[in-house]
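target_15.json (JSON, C-alpha atoms) appears below.
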```
[["chain", "number", "residue", "atom", "x", "y", "z"],
["W", 1, "MET", "CA", -29.57, -5.62, -92.55],
["W", 2, "THR", "CA", -28.73, -3.48, -89.52],
["W", 3, "ARG", "CA", -25.15, -2.73, -88.51],
["W", 4, "ALA", "CA", -25.56, -4.93, -85.43],
["W", 5, "ARG", "CA", -26.77, -7.84, -87.61],
["W", 6, "GLN", "CA", -23.84, -7.39, -89.99],
["W", 7, "ILE", "CA", -21.36, -7.51, -87.12],
["W", 8, "GLN", "CA", -23.03, -10.62, -85.71],
["W", 9, "SER", "CA", -23.00, -12.37, -89.09],
["W", 10, "ASN", "CA", -19.33, -11.63, -89.76],
["W", 11, "TYR", "CA", -18.46, -12.57, -86.22],
["W", 12, "HIS", "CA", -20.06, -16.02, -86.36],
["W", 13, "GLN", "CA", -18.26, -16.76, -89.64],
["W", 14, "THR", "CA", -14.84, -16.11, -88.11],
["W", 15, "LYS", "CA", -15.41, -17.26, -84.54],
["W", 16, "THR", "CA", -15.56, -21.00, -85.23],
["W", 17, "ALA", "CA", -12.38, -20.99, -87.30],
["W", 18, "SER", "CA", -10.38, -19.15, -84.66],
["W", 19, "LEU", "CA", -11.74, -20.94, -81.59],
["W", 20, "SER", "CA", -9.54, -24.04, -81.79],
["W", 21, "VAL", "CA", -6.44, -21.93, -82.43],
["W", 22, "SER", "CA", -7.19, -19.80, -79.38],
["W", 23, "LYS", "CA", -7.62, -22.90, -77.21],
["W", 24, "ASN", "CA", -4.31, -24.33, -78.38],
["W", 25, "LEU", "CA", -2.53, -21.06, -77.65],
["W", 26, "ARG", "CA", -4.02, -20.93, -74.16],
["W", 27, "ARG", "CA", -2.82, -24.48, -73.46],
["W", 28, "ARG", "CA", 0.72, -23.73, -74.58],
["W", 29, "ARG", "CA", 1.24, -20.39, -72.84],
["W", 30, "PRO", "CA", 1.37, -19.72, -69.09],
["W", 31, "ARG", "CA", -1.60, -17.66, -67.91],
["W", 32, "THR", "CA", -0.23, -14.25, -66.96],
["W", 33, "LYS", "CA", -2.18, -11.23, -65.73],
["W", 34, "ASP", "CA", -1.98, -9.69, -69.21],
["W", 35, "SER", "CA", -3.30, -12.84, -70.85],
["W", 36, "LEU", "CA", -6.15, -13.05, -68.35],
["W", 37, "ASP", "CA", -7.03, -9.40, -68.96],
["W", 38, "LYS", "CA", -6.95, -10.06, -72.69],
["W", 39, "GLU", "CA", -9.24, -13.09, -72.36],
["W", 40, "ARG", "CA", -11.65, -11.07, -70.22],
["W", 41, "ARG", "CA", -11.73, -8.27, -72.79],
["W", 42, "ILE", "CA", -12.33, -10.75, -75.61],
["W", 43, "ARG", "CA", -15.24, -12.23, -73.64],
["W", 44, "LEU", "CA", -16.72, -8.75, -73.25],
["W", 45, "LEU", "CA", -16.27, -8.14, -76.98],
["W", 46, "ASP", "CA", -17.83, -11.52, -77.75],
["W", 47, "GLU", "CA", -20.85, -10.67, -75.64],
["W", 48, "ALA", "CA", -21.23, -7.22, -77.20],
["W", 49, "ILE", "CA", -21.00, -8.64, -80.72],
["W", 50, "VAL", "CA", -23.42, -11.50, -80.07],
["W", 51, "THR", "CA", -25.99, -9.19, -78.47],
["W", 52, "GLY", "CA", -25.46, -6.45, -81.04],
["W", 53, "ASN", "CA", -24.54, -3.93, -78.34],
["W", 54, "ILE", "CA", -22.99, -1.19, -80.48],
["W", 55, "GLU", "CA", -22.60, 1.23, -77.56],
["W", 56, "SER", "CA", -20.61, -1.35, -75.61],
["W", 57, "LEU", "CA", -18.39, -1.97, -78.64],
["W", 58, "ARG", "CA", -17.75, 1.74, -78.99],
["W", 59, "CYS", "CA", -16.82, 1.99, -75.32],
["W", 60, "LEU", "CA", -14.47, -1.00, -75.51],
["W", 61, "SER", "CA", -12.85, 0.36, -78.67],
["W", 62, "VAL", "CA", -11.55, 3.48, -76.91],
["W", 63, "THR", "CA", -10.43, 1.95, -73.62],
["W", 64, "GLY", "CA", -7.57, -0.34, -72.68],
["W", 65, "ALA", "CA", -6.42, -2.62, -75.49],
["W", 66, "GLY", "CA", -9.31, -1.64, -77.75],
["W", 67, "PHE", "CA", -10.44, -4.50, -79.99],
["W", 68, "VAL", "CA", -7.36, -6.57, -79.02],
["W", 69, "ASN", "CA", -6.57, -8.05, -82.43],
["W", 70, "ASP", "CA", -6.96, -7.40, -86.15],
["W", 71, "GLY", "CA", -9.71, -10.00, -86.54],
["W", 72, "ILE", "CA", -12.04, -8.18, -84.17],
["W", 73, "ARG", "CA", -10.96, -4.80, -85.53],
["W", 74, "ARG", "CA", -11.97, -5.82, -89.05],
["W", 75, "LEU", "CA", -15.41, -6.79, -87.79],
["W", 76, "ASN", "CA", -15.86, -3.29, -86.43],
["W", 77, "GLU", "CA", -13.80, -1.20, -88.83],
["W", 78, "LYS", "CA", -16.85, 0.71, -90.07],
["W", 79, "ASP", "CA", -17.34, 2.08, -86.56],
["W", 80, "PHE", "CA", -13.99, 3.88, -86.68],
["W", 81, "HIS", "CA", -13.80, 7.55, -87.50],
["W", 82, "LYS", "CA", -11.35, 8.62, -90.18],
["W", 83, "ASP", "CA", -9.52, 10.95, -87.77],
["W", 84, "GLU", "CA", -9.11, 8.47, -84.93],
["W", 85, "GLU", "CA", -5.39, 7.94, -85.47],
["W", 86, "GLN", "CA", -4.71, 11.68, -85.26],
["W", 87, "VAL", "CA", -6.81, 11.88, -82.11],
["W", 88, "ARG", "CA", -4.74, 9.13, -80.52],
["W", 89, "LEU", "CA", -1.50, 10.90, -81.43],
["W", 90, "ASP", "CA", -2.67, 14.13, -79.82],
["W", 91, "ILE", "CA", -3.86, 12.34, -76.70],
["W", 92, "ILE", "CA", -0.39, 10.91, -76.12],
["W", 93, "ARG", "CA", 0.71, 14.52, -75.62],
["W", 94, "SER", "CA", -2.19, 15.39, -73.32],
["W", 95, "PHE", "CA", -2.30, 15.78, -69.53],
["W", 96, "THR", "CA", 1.40, 16.66, -69.48],
["W", 97, "HIS", "CA", 0.79, 18.64, -66.29],
["W", 98, "LEU", "CA", 0.12, 15.41, -64.39],
["W", 99, "ALA", "CA", 3.02, 13.80, -62.57],
["W", 100, "ALA", "CA", 3.97, 10.32, -63.76],
["W", 101, "ASP", "CA", 6.78, 9.37, -61.38],
["W", 102, "THR", "CA", 5.07, 6.45, -59.68],
["W", 103, "LYS", "CA", 2.97, 3.58, -61.02],
["W", 104, "SER", "CA", -0.17, 4.99, -59.44],
["W", 105, "GLN", "CA", 0.47, 8.39, -61.03],
["W", 106, "GLN", "CA", 1.14, 6.76, -64.39],
["W", 107, "SER", "CA", -2.06, 4.75, -64.07],
["W", 108, "PHE", "CA", -4.05, 7.88, -63.19],
["W", 109, "LYS", "CA", -2.62, 9.76, -66.17],
["W", 110, "LYS", "CA", -3.34, 6.85, -68.51],
["W", 111, "GLN", "CA", -6.93, 6.69, -67.26],
["W", 112, "LYS", "CA", -7.40, 10.41, -67.92],
["W", 113, "GLN", "CA", -6.02, 9.97, -71.43],
["W", 114, "GLU", "CA", -8.44, 7.09, -72.03],
["W", 115, "ASP", "CA", -11.27, 9.28, -70.74],
["W", 116, "LEU", "CA", -10.21, 11.99, -73.18],
["W", 117, "LEU", "CA", -10.15, 9.55, -76.09],
["W", 118, "HIS", "CA", -13.60, 8.30, -75.13],
["W", 119, "VAL", "CA", -15.05, 11.82, -74.95],
["W", 120, "ILE", "CA", -13.62, 12.93, -78.31],
["W", 121, "MET", "CA", -14.49, 9.75, -80.18],
["W", 122, "ASP", "CA", -17.99, 9.73, -78.74],
["W", 123, "VAL", "CA", -18.57, 13.13, -80.35],
["W", 124, "LEU", "CA", -17.03, 12.15, -83.68],
["W", 125, "ARG", "CA", -18.89, 8.86, -83.92],
["W", 126, "ARG", "CA", -22.20, 10.44, -83.05],
["W", 127, "HIS", "CA", -21.58, 13.04, -85.74],
["W", 128, "PRO", "CA", -19.41, 11.36, -88.41],
["W", 129, "LYS", "CA", -19.56, 14.40, -90.69],
["W", 130, "LEU", "CA", -17.51, 16.33, -88.17],
["W", 131, "ALA", "CA", -13.74, 16.32, -88.64],
["W", 132, "TYR", "CA", -11.28, 16.45, -85.78],
["W", 133, "TYR", "CA", -8.96, 19.42, -85.58],
["W", 134, "GLN", "CA", -5.88, 19.73, -83.40],
["W", 135, "GLY", "CA", -6.85, 21.78, -80.40],
["W", 136, "PHE", "CA", -10.22, 20.18, -79.78],
["W", 137, "HIS", "CA", -8.47, 17.74, -77.45],
["W", 138, "ASP", "CA", -7.32, 20.71, -75.33],
["W", 139, "VAL", "CA", -10.92, 21.87, -75.03],
["W", 140, "CYS", "CA", -12.06, 18.39, -74.00],
["W", 141, "THR", "CA", -9.17, 18.11, -71.53],
["W", 142, "CYS", "CA", -10.46, 21.19, -69.72],
["W", 143, "LEU", "CA", -13.97, 19.74, -69.69],
["W", 144, "ILE", "CA", -12.75, 16.49, -68.14],
["W", 145, "VAL", "CA", -10.70, 18.29, -65.49],
["W", 146, "VAL", "CA", -13.57, 20.60, -64.52],
["W", 147, "LEU", "CA", -16.64, 18.42, -65.08],
["W", 148, "GLY", "CA", -15.43, 14.83, -65.04],
["W", 149, "LYS", "CA", -15.78, 12.34, -67.88],
["W", 150, "GLU", "CA", -19.53, 11.73, -67.80],
["W", 151, "ALA", "CA", -20.52, 15.39, -67.78],
["W", 152, "ALA", "CA", -17.76, 16.25, -70.25],
["W", 153, "MET", "CA", -19.29, 14.07, -72.97],
["W", 154, "PRO", "CA", -22.52, 16.04, -73.55],
["W", 155, "ALA", "CA", -20.65, 19.31, -72.98],
["W", 156, "ALA", "CA", -18.09, 18.42, -75.66],
["W", 157, "GLU", "CA", -20.88, 17.45, -78.04],
["W", 158, "SER", "CA", -22.66, 20.77, -77.52],
["W", 159, "LEU", "CA", -19.46, 22.74, -78.08],
["W", 160, "ALA", "CA", -18.66, 20.76, -81.23],
["W", 161, "MET", "CA", -22.12, 21.23, -82.70],
["W", 162, "PHE", "CA", -22.86, 24.83, -81.75],
["W", 163, "PHE", "CA", -19.55, 26.63, -81.19],
["W", 164, "PHE", "CA", -16.79, 24.81, -83.10],
["W", 165, "ARG", "CA", -18.82, 23.25, -85.89],
["W", 166, "ASP", "CA", -17.39, 25.46, -88.64],
["W", 167, "CYS", "CA", -13.89, 24.49, -87.50],
["W", 168, "MET", "CA", -14.77, 20.80, -87.59],
["W", 169, "LEU", "CA", -15.84, 20.46, -91.20],
["W", 170, "ASP", "CA", -13.83, 18.84, -93.98],
["W", 171, "ASN", "CA", -12.49, 22.21, -95.10],
["W", 172, "LEU", "CA", -11.88, 25.64, -93.58],
["W", 173, "GLU", "CA", -13.91, 27.68, -96.06],
["W", 174, "PRO", "CA", -16.56, 28.72, -93.48],
["W", 175, "VAL", "CA", -13.82, 29.83, -91.09],
["W", 176, "LEU", "CA", -12.00, 31.76, -93.82],
["W", 177, "ASP", "CA", -15.26, 33.46, -94.78],
["W", 178, "GLN", "CA", -15.73, 34.56, -91.19],
["W", 179, "LEU", "CA", -12.16, 35.83, -90.99],
["W", 180, "SER", "CA", -12.72, 37.89, -94.13],
["W", 181, "LEU", "CA", -15.63, 39.59, -92.35],
["W", 182, "MET", "CA", -13.35, 40.47, -89.45],
["W", 183, "THR", "CA", -11.38, 42.86, -91.65],
["W", 184, "ALA", "CA", -14.50, 44.72, -92.73],
["W", 185, "LEU", "CA", -15.88, 44.87, -89.18],
["W", 186, "LEU", "CA", -12.60, 46.08, -87.74],
["W", 187, "LYS", "CA", -12.34, 48.75, -90.42],
["W", 188, "LEU", "CA", -15.77, 50.05, -89.41],
["W", 189, "GLU", "CA", -15.17, 49.88, -85.67],
["W", 190, "ASP", "CA", -11.53, 50.97, -85.46],
["W", 191, "PRO", "CA", -9.99, 52.19, -88.74],
["W", 192, "GLU", "CA", -6.75, 53.09, -86.97],
["W", 193, "VAL", "CA", -6.13, 49.54, -85.80],
["W", 194, "GLN", "CA", -7.05, 48.16, -89.21],
["W", 195, "GLU", "CA", -4.63, 50.55, -90.88],
["W", 196, "PHE", "CA", -1.90, 49.39, -88.51],
["W", 197, "LEU", "CA", -2.63, 45.73, -89.29],
["W", 198, "ASP", "CA", -2.59, 46.41, -93.02],
["W", 199, "LYS", "CA", 0.90, 47.84, -92.70],
["W", 200, "TYR", "CA", 2.33, 44.95, -90.72]]
```

The structure in this file should be written as structure tokens.
Amino acid sequence: MTRARQIQSNYHQTKTASLSVSKNLRRRRPRTKDSLDKERRIRLLDEAIVTGNIESLRCLSVTGAGFVNDGIRRLNEKDFHKDEEQVRLDIIRSFTHLAADTKSQQSFKKQKQEDLLHVIMDVLRRHPKLAYYQGFHDVCTCLIVVLGKEAAMPAAESLAMFFFRDCMLDNLEPVLDQLSLMTALLKLEDPEVQEFLDKY
């Protein structure tokens, strides 16, 4: 059974049971902008689940309110990368150079942070064997600022796969091996500098 089929099957099993509860809640509560936005997002999630649109689910998971509630999150939990929580924590501290004094500035900053989350998680979900390391979000921030979100996504993927791959594995052994070579190379190229480094 494909991943899309599994999501659809689990979804249909839980949807019927929760439908009447959702209707009752909607009747009891006044319809605010937040509740309308939430209902719209749930409809988009419903459509993506029913049609098996994994790409749409991935996009919704990293924007706005994500999967909205635990029920929908459990349906899609296998799509989450193990480092996603750390990514989110780092993104909170991103784009600090942007002003956030007015609502429009705050909204712009939040959108950029969502773009950053989308770019990073797109790379990690396409290549689940990669591990996130703190600092990759700074690289992706520069890509978004210079290239924009859409162009930043393939650029970030290329950097992760061909330039930072050894830094994005489950352990740092490849990086440590490379650093050990630096000592030998420096000793050959500039023994005086290497001698200085050995002392201090």

For each of W:Ile42, W:Val87, W:Leu159, W:Leu57, take the minimum atom-to-atom distance to Glu114 (chain W), counting only C-alpha atoms, then give the residue where this is smallest.
W:Val87

Protein, DNA and RNA residues within 12 Å of (-9.3, 18.6, -67.1), all atoms listed in the file, as a PyMOL selection string:
chain W and resi 94-98+109+112-113+115-116+119+137-149+151-152

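Note that CA of Pro154 (chain W) and CA of Leu44 (chain W) are 25.5 Å apart.
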
Nearest to Tyr132 (chain W), restricted to only C-alpha atoms and choosing among W:Met161, W:Leu169, W:Ala155, W:Leu179, comes out as W:Leu169

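In this model, the gap between CA of Ala131 (chain W) and CA of Met168 (chain W) comes to 4.7 Å.
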
What's the separation between CA of Phe108 (chain W) and CA of Thr63 (chain W), in Å to one decimal place?
13.6 Å

Using all atoms listed in the file, the residue out of W:Leu60, W:Val123, W:Leu197, W:Leu89 with shortest distance to Ala156 (chain W) is W:Val123

Residue neighbourhood Asn171 (chain W), 12 Å, all atoms listed in the file, exclusion window fewer than 6 positions, as a VMD selection string
chain W and resid 129 to 133 165 177

Dump C-alpha atoms for the selected residues as a PDB file, in the coordinates of the input?
```
ATOM      1  CA  LYS W 129     -19.560  14.400 -90.690  1.00  0.00           C
ATOM      2  CA  LEU W 130     -17.510  16.330 -88.170  1.00  0.00           C
ATOM      3  CA  ALA W 131     -13.740  16.320 -88.640  1.00  0.00           C
ATOM      4  CA  TYR W 132     -11.280  16.450 -85.780  1.00  0.00           C
ATOM      5  CA  TYR W 133      -8.960  19.420 -85.580  1.00  0.00           C
ATOM      6  CA  ARG W 165     -18.820  23.250 -85.890  1.00  0.00           C
ATOM      7  CA  ASP W 177     -15.260  33.460 -94.780  1.00  0.00           C
TER       8      ASP W 177
END
```

Select, from W:Phe163, W:Thr32, W:His118, W:Met153, the residue with the minimum atom-to-atom distance to Ser56 (chain W), counting only C-alpha atoms.
W:His118
